[in-house]
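What follows is a short report on a single structure.
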Amino acid sequence: MTALLDINGLTRRFGGLVAVNGVSFTVARGEVVGLLGPNGSGKTTVLNMISGSLKPSGGDIRFNSEKVSGWPAHRIARKGIARTFQLVRILPSLSVAENIAAALAFRRVPLWGAEADAAARELLARVGLGGRGDESAENLTYIDQKRMELARALAADPQLLLLDEWLAGLNPTELRVGIDLIASLRERGITIVLVEHVMEAVRALCGRCIVMTAGSKIADGATADVLRDPDVIRAYLGASHA
Amino acid sequence: MKPIAIAAGLIAALAAAPMFLDSYGLGLMMGLAGYVTLATAWALFSGPTGYVSLATVAFVGIGAYCVAALSEVLPYPLLLLIAAGIGLAVALVVGLSTLRLSGVYFVIFTFGLAELIRQLVTFYEINVTGTLGRYIFLGITPAQIYWQLLALGVVTMLLRWWIGRSRIGLALKVIGDDEVVASHVGIDIARTKLALFAISAVIMTLVGAIQAPRWTYVEPAIVFNPTVSFLTLIMALLGGATRLWGPLLGAVPLFLLFEWLSANFPNHYSILLGLLFILIVFALPKGVLSFVEQMWGKARRTDDGGARS
């Protein structure tokens, strides 16, 4: 079976800085993969290249065996890759339901009108925002904005979902709810790559983890093994802990 | 059914206006219809995207000049078609090269574009045709011009209403809110913006082409006068560029005010215009309509409070 996502020698330079340096990995269909590493190690840059916000300086990205690196973001989105953002991004002048409709209307098989309304209601119910479609997106609390952003990503009917620190900034109760929510997506067979610092979530959700430091991949394997890896511990905590 | 009947009645009344007006009144109505159409066309693109364009007069001028240059060799309906075609072509070229610019750069570019086209036309006229101005002798009455502008205005409003309810309308709102999100939900930002910019530009070109016979004499300094761009902008902003009726509600009072100012204070007209511009942007940044809604909402809330206590 070929991988859903196949990344080979991915590189991104910003001027003289090499933010991502020859990173290669694959993600199989149905996997939930954690992308870990200290701040500034290039995780978000990798996500940005997969979703098309940034063009790679080198290497390539294949999605369903098709080379998508270098494509504009909207084409990649229509192929079935959806994402959330490190700093939550809502459409403030639209209602909650319209935020979802925006993703339904422009996906590969678009939904519009009554069908879209029904789909939006269902998605909002799934993330715990049932019955709140008419509220202004701007007035939602932080956690609810995150829920809405997730519903919007799901509305694109993605094969691959990229979550950039979706659980960051949540209190312990919200975190439990958030982890359960992502776990429910995994059960529906959505492939997920998530950048995350919350280790509790990584352990609960990710079957596999990839660790980056300073733009390079240093570990890739089953979560429990990777988190015991001396190289990984050194990267996170410094040499004295290894 | 009712609003449609009201709208139809209103349009019929407006269409009948030339029979009851003297030539000054008809002139006013023509100017009004022209500016309402321009402001609505401007808001069609700039309202949802937030791209402030000062290219209005570039397209109006192109329309007027097409008619002036070709009126002696081609029949009138064909002139309009050609003007619209040229307006479309310019809009596509300009759009492709500039819609990637954002914010203030786009404003400056569009302002420069109008000046550039004016200078090009001036250069061509002086060096190639050896004239500066052109006369337009077309057997089109003021009432006919007015009716055409009215029809174009109605079509523009309908188009804007339709777009507001369509997928492309939603795409524009999403782009206006956050382009990053727009591209990640699958919206082709460049194409959406280009399409709307082009539609808006074609309407502006037609306004210029239709009004040209009224001026009899045109020269670049007249038809490419940047004040037209500023007036259109300020009208749309006053009414509220994101609302369907906003540009109309902004254009009517402002046009009448400008007429009155230019008749009574011809020497201080520009100063007063500038002050008014500043006042509108400071006092009503979201337009009259949203201001009224806010006040209305506030009044209702205090009413509720009174009822409870």
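Residue names in the structure tokens use chain letters A, B, ... in the order shown, residue numbers from 1 in each chain, and ligand numbers from 1 in the order shown.
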
For chain B, which residues have at least one atom within 6 Å of chain A, if we go by only C-alpha atoms? Write them as a PyMOL selection string, please. chain B and resi 177+183-188

List the spatial neighbours of Ala151 of chain B as a VMD selection string - criterion: any atom at most 10 Å away, only C-alpha atoms, same-chain residues fewer than 5 positions off excluded. chain B and resid 11 15 33 37 145 to 146 156 to 157

Could you save the residues just selected, with C-alpha atoms, as a JSON list (two decimals), in the first residue's frame?
```
[["chain", "number", "residue", "atom", "x", "y", "z"],
["B", 11, "ILE", "CA", -38.17, 52.16, -11.26],
["B", 15, "ALA", "CA", -38.16, 56.10, -15.79],
["B", 33, "ALA", "CA", -28.00, 57.77, -11.96],
["B", 37, "THR", "CA", -24.22, 53.17, -10.63],
["B", 145, "ILE", "CA", -28.86, 58.83, -21.78],
["B", 146, "TYR", "CA", -30.76, 58.95, -18.52],
["B", 156, "THR", "CA", -25.86, 46.67, -11.32],
["B", 157, "MET", "CA", -28.02, 46.54, -8.20]]
```

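Atom CA of Met49 of chain A lies 17.0 Å from atom CA of Val211 of chain A.
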
Among the residues B:Ile140, B:Ala43, B:Val181, B:Ala13, the one that comes closest to Ala201 of chain B [using only C-alpha atoms]: B:Ala43

Between B:Gly176, B:Leu206, B:Arg165, B:Asn267, which is the closest to Leu81 of chain B once you count only C-alpha atoms?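 Selected residue with least distance to Leu81 of chain B: B:Leu206.
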
Å distance separating atom CA of Arg214 of chain B from atom CA of Ser46 of chain B, one decimal place: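 Atom-to-atom, atom CA of Arg214 of chain B and atom CA of Ser46 of chain B are spaced 28.3 Å apart.
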
For atom CA of Leu257 of chain B and atom CA of Phe106 of chain B, the interatomic separation in Å (one decimal): 29.1 Å

Per DSSP on the backbone, filter segment 13-257 of chain B down to the residues in helix (DSSP H, G or I) and report them as a PyMOL selection string. chain B and resi 13-19+23-49+56-70+76-98+104-129+142-165+167-177+179-184+189-215+220-223+227-239+246-257

Residues of segment 106-213 of chain A classed as strand (DSSP E or B) by DSSP on the backbone are to be reported as an MDAnalysis selection string. chainID A and resid 136 160:164 191:195 208:213

Mind writing the picked residues with C-alpha atoms as a short mmCIF file (atom, residue, chain, number, x, y, z; two decimals), in the first residue's frame?
```
data_model
loop_
_atom_site.label_atom_id
_atom_site.label_comp_id
_atom_site.auth_asym_id
_atom_site.auth_seq_id
_atom_site.Cartn_x
_atom_site.Cartn_y
_atom_site.Cartn_z
CA SER A 136 -21.25 35.82 15.46
CA LEU A 160 -5.60 14.48 5.70
CA LEU A 161 -6.09 16.87 8.60
CA LEU A 162 -3.23 19.04 9.83
CA LEU A 163 -3.63 20.34 13.38
CA ASP A 164 -1.15 23.01 14.48
CA THR A 191 -5.58 10.70 8.79
CA ILE A 192 -4.11 13.33 11.08
CA VAL A 193 -0.73 15.01 11.43
CA LEU A 194 -0.59 17.12 14.55
CA VAL A 195 2.01 19.49 15.89
CA ARG A 208 3.67 7.37 15.83
CA CYS A 209 5.81 10.43 16.37
CA ILE A 210 8.33 12.34 14.36
CA VAL A 211 10.72 14.61 16.23
CA MET A 212 12.52 17.58 14.71
CA THR A 213 15.25 19.83 16.03
#
```

Within 10 Å of Tyr65 of chain B, counting only C-alpha atoms, which residues qualify if same-chain residues fewer than 5 places away don't, as a PyMOL selection string? chain B and resi 59-60+70-71+83+121+134+136+205+208-209+212+218-220+223-224

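The closest residue to Asn48 of chain A, picked from B:Val180, B:Leu254, B:Ala39, B:Leu276 and counting only C-alpha atoms, is B:Val180.
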
Choose the residue, out of A:Val32, A:Ala183, A:Ala204, A:Val88, that has the smallest atom-to-atom separation from Leu150 of chain A; count only C-alpha atoms. A:Val88

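Contact shell of Ala28 of chain A at 8 Å (only C-alpha atoms; same-chain neighbours under 4 positions omitted): A:Thr2, A:Ala3, A:Leu4, A:Leu5, A:Thr191.
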
Selection: 9 Å around Gly70 of chain A, only C-alpha atoms, excl. self and same-chain fewer than 6 positions, as number ranges by chain: A: 49, 52, 54-56, 60-61

Quick one: everything within 9 Å of Met30 of chain B, counting only C-alpha atoms, minus sequence neighbours fewer than 2 positions away in the same chain. Send it as a list in words. Gly25, Leu26, Gly27, Leu28, Leu32, Ala33, Gly34, Tyr35, Pro142, Ala143, Ile145, Tyr146, Trp147, Leu149, Leu150 and Gln211 of chain B
